[in-house]
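Engineer: This one is upload_16.csv, CSV, N, CA and C atoms.
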```csv
chain,number,residue,atom,x,y,z
I,5,MET,N,36.4,-4.2,-36.5
I,5,MET,CA,35.6,-3.0,-36.1
I,5,MET,C,34.7,-3.4,-34.9
I,6,PRO,N,34.8,-2.7,-33.9
I,6,PRO,CA,33.9,-3.0,-32.8
I,6,PRO,C,32.4,-2.8,-33.1
I,7,THR,N,31.5,-3.5,-32.5
I,7,THR,CA,30.1,-3.3,-32.7
I,7,THR,C,29.5,-2.9,-31.3
I,8,TYR,N,28.3,-2.2,-31.4
I,8,TYR,CA,27.7,-1.7,-30.2
I,8,TYR,C,26.2,-2.0,-30.4
I,9,GLU,N,25.5,-2.1,-29.2
I,9,GLU,CA,24.1,-2.2,-29.2
I,9,GLU,C,23.4,-1.0,-29.8
I,10,PHE,N,22.5,-1.2,-30.7
I,10,PHE,CA,21.8,-0.1,-31.4
I,10,PHE,C,21.2,0.8,-30.3
I,11,LEU,N,21.5,2.1,-30.5
I,11,LEU,CA,21.1,3.2,-29.7
I,11,LEU,C,21.7,3.3,-28.3
I,12,SER,N,22.7,2.5,-28.0
I,12,SER,CA,23.4,2.6,-26.8
I,12,SER,C,24.3,3.9,-26.9
I,13,ASP,N,24.8,4.4,-25.7
I,13,ASP,CA,25.6,5.6,-25.7
I,13,ASP,C,26.8,5.4,-26.7
I,14,GLU,N,27.5,4.2,-26.6
I,14,GLU,CA,28.6,4.0,-27.5
I,14,GLU,C,28.2,4.0,-29.0
I,15,TRP,N,27.1,3.4,-29.3
I,15,TRP,CA,26.6,3.4,-30.7
I,15,TRP,C,26.4,4.8,-31.2
I,16,LEU,N,25.7,5.6,-30.3
I,16,LEU,CA,25.4,7.0,-30.7
I,16,LEU,C,26.7,7.8,-30.9
I,17,VAL,N,27.7,7.6,-30.2
I,17,VAL,CA,29.0,8.3,-30.4
I,17,VAL,C,29.6,7.9,-31.8
I,18,GLU,N,29.6,6.6,-32.1
I,18,GLU,CA,30.1,6.2,-33.4
I,18,GLU,C,29.2,6.7,-34.5
I,19,ALA,N,27.9,6.6,-34.4
I,19,ALA,CA,26.9,7.1,-35.4
I,19,ALA,C,27.1,8.6,-35.7
I,20,ARG,N,27.3,9.4,-34.6
I,20,ARG,CA,27.6,10.8,-34.8
I,20,ARG,C,28.9,11.1,-35.6
I,21,SER,N,29.9,10.3,-35.3
I,21,SER,CA,31.2,10.4,-36.0
I,21,SER,C,31.0,10.1,-37.5
I,22,ILE,N,30.3,9.0,-37.8
I,22,ILE,CA,30.1,8.7,-39.2
I,22,ILE,C,29.3,9.7,-39.9
I,23,ARG,N,28.2,10.2,-39.2
I,23,ARG,CA,27.4,11.3,-39.8
I,23,ARG,C,28.3,12.5,-40.1
I,24,ALA,N,29.2,12.9,-39.2
I,24,ALA,CA,30.0,14.1,-39.4
I,24,ALA,C,30.9,13.9,-40.6
I,25,GLU,N,31.4,12.7,-40.9
I,25,GLU,CA,32.2,12.4,-42.0
I,25,GLU,C,31.5,12.7,-43.3
I,26,TYR,N,30.2,12.5,-43.4
I,26,TYR,CA,29.4,12.6,-44.6
I,26,TYR,C,28.6,14.0,-44.6
I,27,GLU,N,28.8,14.8,-43.7
I,27,GLU,CA,28.0,16.1,-43.6
I,27,GLU,C,28.3,16.9,-44.9
I,28,GLY,N,27.2,17.3,-45.5
I,28,GLY,CA,27.4,18.1,-46.8
I,28,GLY,C,27.6,17.3,-48.0
I,29,LYS,N,27.7,16.0,-48.0
I,29,LYS,CA,28.0,15.2,-49.1
I,29,LYS,C,26.8,14.6,-49.8
I,30,ALA,N,25.7,14.5,-49.0
I,30,ALA,CA,24.5,13.9,-49.5
I,30,ALA,C,23.7,14.9,-50.3
I,31,GLY,N,22.9,14.4,-51.2
I,31,GLY,CA,22.0,15.2,-52.0
I,31,GLY,C,20.9,15.8,-51.0
I,32,PRO,N,20.3,16.8,-51.4
I,32,PRO,CA,19.2,17.4,-50.6
I,32,PRO,C,18.0,16.4,-50.5
I,33,ILE,N,17.4,16.4,-49.3
I,33,ILE,CA,16.3,15.6,-49.0
I,33,ILE,C,15.0,16.4,-49.5
I,34,GLY,N,14.2,15.7,-50.3
I,34,GLY,CA,13.1,16.3,-51.0
I,34,GLY,C,11.9,16.6,-50.1
I,35,HIS,N,11.8,15.9,-49.0
I,35,HIS,CA,10.7,16.1,-48.1
I,35,HIS,C,11.1,16.6,-46.7
I,36,GLN,N,10.5,17.6,-46.3
I,36,GLN,CA,10.8,18.2,-45.0
I,36,GLN,C,9.9,17.6,-43.9
I,37,VAL,N,10.5,17.1,-42.9
I,37,VAL,CA,9.7,16.5,-41.7
I,37,VAL,C,10.5,16.7,-40.4
I,38,ARG,N,9.8,17.0,-39.4
I,38,ARG,CA,10.3,17.1,-38.1
I,38,ARG,C,9.5,16.2,-37.2
I,39,MET,N,10.2,15.1,-36.7
I,39,MET,CA,9.5,14.0,-36.1
I,39,MET,C,10.2,13.7,-34.8
I,40,ASN,N,9.4,13.5,-33.7
I,40,ASN,CA,9.9,13.0,-32.5
I,40,ASN,C,9.7,11.5,-32.5
I,41,LEU,N,10.6,10.7,-31.9
I,41,LEU,CA,10.5,9.3,-31.8
I,41,LEU,C,10.6,8.8,-30.4
I,42,ILE,N,9.7,7.9,-30.0
I,42,ILE,CA,9.8,7.2,-28.7
I,42,ILE,C,10.0,5.8,-29.0
I,43,ILE,N,11.2,5.3,-28.7
I,43,ILE,CA,11.6,3.9,-29.0
I,43,ILE,C,11.5,3.1,-27.7
I,44,THR,N,10.5,2.2,-27.6
I,44,THR,CA,10.3,1.5,-26.3
I,44,THR,C,10.9,0.1,-26.3
I,45,ASP,N,10.9,-0.4,-25.1
I,45,ASP,CA,11.5,-1.8,-24.9
I,45,ASP,C,12.9,-2.0,-25.3
I,46,VAL,N,13.7,-0.9,-25.0
I,46,VAL,CA,15.2,-1.0,-25.3
I,46,VAL,C,15.8,-2.0,-24.3
I,47,PRO,N,16.8,-2.7,-24.7
I,47,PRO,CA,17.4,-3.7,-23.8
I,47,PRO,C,18.4,-3.2,-22.8
I,48,PHE,N,18.4,-1.9,-22.6
I,48,PHE,CA,19.3,-1.2,-21.7
I,48,PHE,C,18.7,0.1,-21.2
I,49,GLY,N,19.3,0.6,-20.1
I,49,GLY,CA,18.9,1.9,-19.6
I,49,GLY,C,17.5,2.0,-19.1
I,50,GLU,N,16.8,3.0,-19.3
I,50,GLU,CA,15.5,3.3,-18.7
I,50,GLU,C,14.3,2.6,-19.4
I,51,GLY,N,14.6,1.9,-20.5
I,51,GLY,CA,13.6,1.2,-21.2
I,51,GLY,C,13.0,1.9,-22.4
I,52,ALA,N,13.3,3.2,-22.6
I,52,ALA,CA,12.8,3.9,-23.7
I,52,ALA,C,13.9,4.9,-24.1
I,53,VAL,N,14.0,5.2,-25.4
I,53,VAL,CA,14.9,6.2,-26.0
I,53,VAL,C,14.0,7.3,-26.6
I,54,HIS,N,14.2,8.5,-26.3
I,54,HIS,CA,13.6,9.6,-26.9
I,54,HIS,C,14.5,10.2,-27.9
I,55,ALA,N,14.1,10.3,-29.1
I,55,ALA,CA,15.0,10.8,-30.2
I,55,ALA,C,14.1,11.7,-31.2
I,56,HIS,N,14.8,12.2,-32.2
I,56,HIS,CA,14.1,13.0,-33.2
I,56,HIS,C,14.8,12.8,-34.5
I,57,MET,N,14.0,13.1,-35.6
I,57,MET,CA,14.5,13.1,-36.9
I,57,MET,C,14.1,14.4,-37.5
I,58,ASP,N,15.0,15.1,-38.2
I,58,ASP,CA,14.7,16.4,-38.7
I,58,ASP,C,15.4,16.6,-40.1
I,59,THR,N,14.6,16.8,-41.1
I,59,THR,CA,15.1,17.0,-42.5
I,59,THR,C,14.9,18.4,-43.0
I,60,SER,N,14.4,19.3,-42.1
I,60,SER,CA,14.0,20.6,-42.5
I,60,SER,C,15.2,21.5,-42.9
I,61,GLY,N,16.5,21.1,-42.6
I,61,GLY,CA,17.7,21.8,-43.0
I,61,GLY,C,18.2,21.3,-44.3
I,62,GLY,N,17.5,20.3,-44.9
I,62,GLY,CA,18.0,19.7,-46.2
I,62,GLY,C,18.8,18.4,-46.1
I,63,GLU,N,19.2,18.1,-44.9
I,63,GLU,CA,19.9,16.9,-44.6
I,63,GLU,C,19.2,16.1,-43.5
I,64,LEU,N,19.4,14.8,-43.4
I,64,LEU,CA,18.8,14.0,-42.4
I,64,LEU,C,19.6,14.2,-41.1
I,65,VAL,N,18.9,14.6,-40.0
I,65,VAL,CA,19.5,14.7,-38.7
I,65,VAL,C,18.7,13.7,-37.8
I,66,LEU,N,19.4,12.7,-37.3
I,66,LEU,CA,18.8,11.8,-36.4
I,66,LEU,C,19.6,11.8,-35.1
I,67,ASP,N,19.0,12.2,-34.0
I,67,ASP,CA,19.7,12.3,-32.7
I,67,ASP,C,18.8,12.1,-31.5
I,68,THR,N,19.3,12.0,-30.4
I,68,THR,CA,18.5,11.9,-29.2
I,68,THR,C,17.9,13.2,-28.7
I,69,GLY,N,16.9,13.0,-27.9
I,69,GLY,CA,16.2,14.2,-27.4
I,69,GLY,C,15.0,14.5,-28.3
I,70,HIS,N,14.1,15.3,-27.8
I,70,HIS,CA,12.9,15.7,-28.6
I,70,HIS,C,13.1,17.1,-29.0
I,71,ILE,N,12.4,17.5,-30.1
I,71,ILE,CA,12.5,18.9,-30.7
I,71,ILE,C,11.1,19.4,-30.7
I,72,ASP,N,11.0,20.7,-30.9
I,72,ASP,CA,9.7,21.4,-30.9
I,72,ASP,C,9.8,22.6,-31.8
I,73,PRO,N,8.9,22.8,-32.7
I,73,PRO,CA,7.7,22.0,-33.0
I,73,PRO,C,8.0,20.8,-33.9
I,74,VAL,N,7.0,19.9,-34.0
I,74,VAL,CA,7.2,18.7,-34.8
I,74,VAL,C,5.9,18.5,-35.7
I,75,ASP,N,6.1,17.8,-36.7
I,75,ASP,CA,5.0,17.4,-37.6
I,75,ASP,C,4.3,16.2,-37.1
I,76,LEU,N,5.0,15.3,-36.4
I,76,LEU,CA,4.5,14.1,-35.9
I,76,LEU,C,5.3,13.5,-34.9
I,77,LYS,N,4.7,12.6,-34.1
I,77,LYS,CA,5.4,11.8,-33.1
I,77,LYS,C,5.2,10.3,-33.4
I,78,VAL,N,6.2,9.5,-33.4
I,78,VAL,CA,6.1,8.1,-33.7
I,78,VAL,C,6.6,7.3,-32.5
I,79,THR,N,5.8,6.4,-32.1
I,79,THR,CA,6.2,5.5,-31.0
I,79,THR,C,6.3,4.1,-31.6
I,80,LEU,N,7.4,3.4,-31.3
I,80,LEU,CA,7.6,2.1,-31.8
I,80,LEU,C,8.6,1.3,-31.0
I,81,GLU,N,8.5,0.0,-31.1
I,81,GLU,CA,9.4,-0.9,-30.3
I,81,GLU,C,10.8,-0.9,-30.8
I,82,TYR,N,11.8,-1.2,-29.9
I,82,TYR,CA,13.2,-1.2,-30.3
I,82,TYR,C,13.5,-2.1,-31.5
I,83,THR,N,12.9,-3.3,-31.4
I,83,THR,CA,13.2,-4.3,-32.5
I,83,THR,C,12.7,-3.8,-33.9
I,84,VAL,N,11.6,-3.1,-33.8
I,84,VAL,CA,11.0,-2.6,-35.1
I,84,VAL,C,11.9,-1.4,-35.6
I,85,ALA,N,12.3,-0.5,-34.7
I,85,ALA,CA,13.2,0.6,-35.0
I,85,ALA,C,14.5,0.1,-35.6
I,86,LYS,N,15.1,-0.9,-35.0
I,86,LYS,CA,16.3,-1.5,-35.5
I,86,LYS,C,16.1,-2.1,-36.9
I,87,ALA,N,15.0,-2.8,-37.1
I,87,ALA,CA,14.7,-3.5,-38.4
I,87,ALA,C,14.6,-2.4,-39.5
I,88,ILE,N,13.9,-1.3,-39.2
I,88,ILE,CA,13.7,-0.2,-40.2
I,88,ILE,C,15.0,0.6,-40.4
I,89,LEU,N,15.6,1.1,-39.3
I,89,LEU,CA,16.7,2.0,-39.5
I,89,LEU,C,18.0,1.4,-39.7
I,90,ILE,N,18.3,0.2,-39.2
I,90,ILE,CA,19.6,-0.4,-39.4
I,90,ILE,C,19.5,-1.5,-40.5
I,91,GLU,N,18.5,-2.4,-40.4
I,91,GLU,CA,18.5,-3.5,-41.4
I,91,GLU,C,17.8,-3.1,-42.7
I,92,GLY,N,17.2,-1.9,-42.7
I,92,GLY,CA,16.6,-1.4,-44.0
I,92,GLY,C,15.5,-2.2,-44.4
I,93,ASN,N,14.7,-2.7,-43.5
I,93,ASN,CA,13.6,-3.6,-43.8
I,93,ASN,C,12.2,-2.9,-43.8
I,94,PRO,N,11.8,-2.3,-44.9
I,94,PRO,CA,10.5,-1.6,-44.9
I,94,PRO,C,9.3,-2.5,-44.6
I,95,GLN,N,9.4,-3.8,-44.9
I,95,GLN,CA,8.3,-4.7,-44.6
I,95,GLN,C,8.1,-4.8,-43.1
I,96,ALA,N,9.1,-4.8,-42.4
I,96,ALA,CA,9.0,-4.9,-40.9
I,96,ALA,C,8.2,-3.7,-40.4
I,97,GLY,N,8.5,-2.5,-41.0
I,97,GLY,CA,7.8,-1.3,-40.6
I,97,GLY,C,6.3,-1.4,-41.0
I,98,MET,N,6.0,-1.8,-42.2
I,98,MET,CA,4.6,-1.9,-42.6
I,98,MET,C,3.9,-3.0,-41.8
I,99,GLN,N,4.5,-4.1,-41.5
I,99,GLN,CA,3.8,-5.1,-40.7
I,99,GLN,C,3.5,-4.6,-39.3
I,100,ALA,N,4.5,-3.9,-38.7
I,100,ALA,CA,4.4,-3.4,-37.3
I,100,ALA,C,3.3,-2.3,-37.3
I,101,PHE,N,3.2,-1.5,-38.3
I,101,PHE,CA,2.2,-0.4,-38.4
I,101,PHE,C,0.8,-1.1,-38.5
I,102,MET,N,0.7,-2.1,-39.4
I,102,MET,CA,-0.6,-2.7,-39.6
I,102,MET,C,-1.1,-3.5,-38.3
I,103,SER,N,-0.1,-3.9,-37.5
I,103,SER,CA,-0.5,-4.7,-36.3
I,103,SER,C,-0.6,-3.8,-35.1
I,104,GLY,N,-0.4,-2.5,-35.3
I,104,GLY,CA,-0.5,-1.5,-34.1
I,104,GLY,C,0.7,-1.4,-33.3
I,105,LYS,N,1.8,-1.9,-33.7
I,105,LYS,CA,3.1,-1.8,-33.0
I,105,LYS,C,3.8,-0.5,-33.2
I,106,ILE,N,3.3,0.3,-34.2
I,106,ILE,CA,3.8,1.7,-34.4
I,106,ILE,C,2.6,2.6,-34.3
I,107,ARG,N,2.7,3.6,-33.4
I,107,ARG,CA,1.7,4.6,-33.2
I,107,ARG,C,2.2,5.9,-33.8
I,108,VAL,N,1.4,6.5,-34.6
I,108,VAL,CA,1.7,7.8,-35.2
I,108,VAL,C,0.7,8.9,-34.7
I,109,ASP,N,1.2,10.0,-34.1
I,109,ASP,CA,0.4,11.1,-33.7
I,109,ASP,C,0.9,12.3,-34.6
I,110,GLY,N,-0.1,12.8,-35.4
I,110,GLY,CA,0.3,14.0,-36.2
I,110,GLY,C,0.1,13.7,-37.6
I,111,ASP,N,0.8,14.4,-38.5
I,111,ASP,CA,0.7,14.4,-39.9
I,111,ASP,C,1.3,13.2,-40.5
I,112,ILE,N,0.5,12.1,-40.7
I,112,ILE,CA,1.1,10.8,-41.2
I,112,ILE,C,1.5,11.0,-42.7
I,113,SER,N,0.9,11.9,-43.4
I,113,SER,CA,1.3,12.1,-44.8
I,113,SER,C,2.8,12.5,-44.9
I,114,LYS,N,3.4,13.1,-43.9
I,114,LYS,CA,4.8,13.5,-43.9
I,114,LYS,C,5.6,12.2,-43.8
I,115,LEU,N,5.2,11.3,-43.0
I,115,LEU,CA,5.8,10.0,-42.8
I,115,LEU,C,5.8,9.2,-44.1
I,116,MET,N,4.6,9.2,-44.8
I,116,MET,CA,4.5,8.4,-46.0
I,116,MET,C,5.3,9.0,-47.1
I,117,ALA,N,5.5,10.4,-47.2
I,117,ALA,CA,6.2,11.0,-48.2
I,117,ALA,C,7.7,10.6,-48.2
I,118,MET,N,8.2,10.3,-47.0
I,118,MET,CA,9.6,9.9,-46.8
I,118,MET,C,9.9,8.6,-47.6
I,119,GLN,N,9.0,7.8,-47.9
I,119,GLN,CA,9.2,6.6,-48.5
I,119,GLN,C,9.4,6.7,-50.1
I,120,THR,N,9.2,7.9,-50.6
I,120,THR,CA,9.3,8.1,-52.0
I,120,THR,C,10.7,8.6,-52.4
I,121,GLY,N,11.1,8.5,-53.6
I,121,GLY,CA,12.3,9.0,-54.1
I,121,GLY,C,13.5,8.0,-54.1
I,122,ALA,N,14.4,8.3,-54.9
I,122,ALA,CA,15.6,7.4,-55.0
I,122,ALA,C,16.6,7.6,-53.9
I,123,PRO,N,17.1,6.5,-53.3
I,123,PRO,CA,18.1,6.7,-52.2
I,123,PRO,C,19.4,7.4,-52.7
I,124,ASP,N,19.9,8.2,-51.9
I,124,ASP,CA,21.2,9.0,-52.2
I,124,ASP,C,22.4,8.0,-51.9
I,125,PRO,N,23.4,8.0,-52.8
I,125,PRO,CA,24.5,7.1,-52.6
I,125,PRO,C,25.2,7.3,-51.3
I,126,SER,N,25.4,8.6,-50.9
I,126,SER,CA,26.0,8.9,-49.6
I,126,SER,C,25.2,8.3,-48.5
I,127,ALA,N,23.9,8.4,-48.6
I,127,ALA,CA,23.0,7.9,-47.5
I,127,ALA,C,23.1,6.4,-47.4
I,128,ALA,N,23.3,5.7,-48.6
I,128,ALA,CA,23.5,4.3,-48.6
I,128,ALA,C,24.8,3.9,-47.9
I,129,GLU,N,25.8,4.7,-48.1
I,129,GLU,CA,27.1,4.4,-47.5
I,129,GLU,C,27.0,4.6,-46.0
I,130,VAL,N,26.4,5.6,-45.6
I,130,VAL,CA,26.2,5.9,-44.1
I,130,VAL,C,25.4,4.7,-43.5
I,131,ALA,N,24.3,4.3,-44.2
I,131,ALA,CA,23.5,3.2,-43.7
I,131,ALA,C,24.4,1.9,-43.6
I,132,ALA,N,25.2,1.6,-44.5
I,132,ALA,CA,26.1,0.4,-44.5
I,132,ALA,C,27.0,0.5,-43.3
I,133,ARG,N,27.6,1.7,-43.1
I,133,ARG,CA,28.5,1.8,-42.0
I,133,ARG,C,27.8,1.7,-40.6
I,134,LEU,N,26.6,2.3,-40.5
I,134,LEU,CA,25.9,2.1,-39.3
I,134,LEU,C,25.5,0.6,-39.0
I,135,LYS,N,25.2,-0.1,-40.1
I,135,LYS,CA,24.9,-1.5,-39.9
I,135,LYS,C,26.1,-2.2,-39.4
I,136,ALA,N,27.3,-1.9,-39.9
I,136,ALA,CA,28.5,-2.5,-39.6
I,136,ALA,C,28.9,-2.3,-38.1
I,137,ILE,N,28.5,-1.2,-37.5
I,137,ILE,CA,28.8,-1.0,-36.1
I,137,ILE,C,27.8,-1.5,-35.1
I,138,THR,N,26.7,-2.1,-35.7
I,138,THR,CA,25.6,-2.5,-34.8
I,138,THR,C,25.6,-3.9,-34.5
I,139,ALA,N,25.6,-4.2,-33.2
I,139,ALA,CA,25.6,-5.6,-32.7
I,139,ALA,C,24.2,-6.2,-32.9
```
For the file at hand, write its structure as structure tokens.

Structural biologist:
Amino acid sequence: MPTYEFLSDEWLVEARSIRAEYEGKAGPIGHQVRMNLIITDVPFGEGAVHAHMDTSGGELVLDTGHIDPVDLKVTLEYTVAKAILIEGNPQAGMQAFMSGKIRVDGDISKLMAMQTGAPDPSAAEVAARLKAITA
């Protein structure tokens, strides 16, 4: 299986394909949040990726571009985003937040609420597949 640089155009195409395979199979997400992400220091392109995460429709949607309105905006470095979103390392996120490498503007309680609850088996499968395609 080919691997791609996290958040590269090729990676995004594969990630969207994987997400489409699992659409409607995951359990409903208990917390609604609309969040814009600015991922800095990317090793390709313009140096930053603007993305969003939206669970207001009951499923996790993570894609490029910003949405409006949002509950919060999170700015973080590429390596931290990869550690959290691909490697599933919550400690990396906590350490980065405590050291000021993650900046949150808006309703931080929405971000904290996302950390509660049992993981969905379908979401775990998607996460494993995304990890497998990531260089």

Engineer: Kindly indicate which residue among I:Val108, I:Ala139, I:Ala30, I:Leu16 lies nearest to Thr79 of chain I, using only N, CA and C atoms for the distances.

Structural biologist: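 Closest candidate: I:Val108.
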
Engineer: Quick one: residues within 7 Å of Ser126 of chain I, all atoms listed in the file counted, chain neighbours fewer than 5 positions away excluded, as a compact mmCIF listing (two decimals) with N, CA and C atoms, keeping the file's coordinate frame?

Structural biologist:
```
# COMPACT_ATOMS: atom_id res chain seq x y z
N LYS I 29 27.70 16.00 -48.00
CA LYS I 29 28.00 15.20 -49.10
C LYS I 29 26.80 14.60 -49.80
N ALA I 30 25.70 14.50 -49.00
CA ALA I 30 24.50 13.90 -49.50
C ALA I 30 23.70 14.90 -50.30
N GLY I 31 22.90 14.40 -51.20
CA GLY I 31 22.00 15.20 -52.00
C GLY I 31 20.90 15.80 -51.00
N ALA I 131 24.30 4.30 -44.20
CA ALA I 131 23.50 3.20 -43.70
C ALA I 131 24.40 1.90 -43.60
```

Engineer: Compare I:Tyr26, I:Ser60, I:Leu41, I:Leu11 by their minimum atom-to-atom distance to Ala127 of chain I, counting all atoms listed in the file, and give me the closest one.

Structural biologist: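 Looking at the shortest contact to Ala127 of chain I, the residue is I:Tyr26.
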
Engineer: Compare I:Asn40, I:Ser103, I:Asn93, I:Thr138 by their minimum atom-to-atom distance to Gly69 of chain I, counting all atoms listed in the file, and give me the closest one.

Structural biologist: I:Asn40

Engineer: Might you pull out every residue within 8 Å of segment 113-116 of chain I, with only N, CA and C atoms counted and same-chain residues fewer than 3 positions away left off, and present them as a PyMOL selection string?

Structural biologist: chain I and resi 35-38+75-76+110+119-120

Engineer: Any idea what the distance is between atom C of Phe48 of chain I and atom C of Ile71 of chain I?

Structural biologist: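 Separation between atom C of Phe48 of chain I and atom C of Ile71 of chain I: 22.8 Å.
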
Engineer: At what distance in Å, to one decimal, does atom C of His56 of chain I lie from atom CA of Asp13 of chain I?

Structural biologist: 15.7 Å

Engineer: One decimal, Å: what's the distance from atom CA of Pro73 of chain I over to atom C of Met118 of chain I, could you say?

Structural biologist: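 It comes out at 19.9 Å.
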
Engineer: Using DSSP on the backbone coordinates, identify the residues of chain I assigned to strand (DSSP E or B); present them as an NGL selection string.

Structural biologist: :I and (8 or 38-44 or 52-58 or 65-68 or 76-81 or 106-110 or 138)

Engineer: From the set I:Met5, I:Met57, I:Ala136, I:Leu66, which residue has the shortest atom-to-atom contact distance to Ile90 of chain I, counting all atoms listed in the file?

Structural biologist: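 Of all the options, I:Ala136 lies closest to Ile90 of chain I.
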
Engineer: Counting all atoms listed in the file, figure out which residue out of I:Glu25, I:Val46, I:Thr59, I:Lys135 gets nearest to Glu91 of chain I.

Structural biologist: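 Answer, going by the shortest atom-to-atom distance: I:Lys135.
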
Engineer: Identify, on the basis of all atoms listed in the file, every residue whose closest approach to Ile106 of chain I does not exceed 7 Å; exclude the query and any residue fewer than 5 positions from it along the same chain; express the result as an MDAnalysis selection string.

Structural biologist: chainID I and resid 78:81 100:101

Engineer: Pick from I:Ile42, I:Val84, I:Leu64, I:Leu89: nearest to Leu134 of chain I, with only N, CA and C atoms counted?

Structural biologist: I:Leu89

Engineer: Apply DSSP to the structure's backbone, then extract all residues of chain I labelled helix (DSSP H, G or I) and return them as a VMD selection string.

Structural biologist: chain I and resid 13 to 26 82 to 89 94 to 102 112 to 117 125 to 136
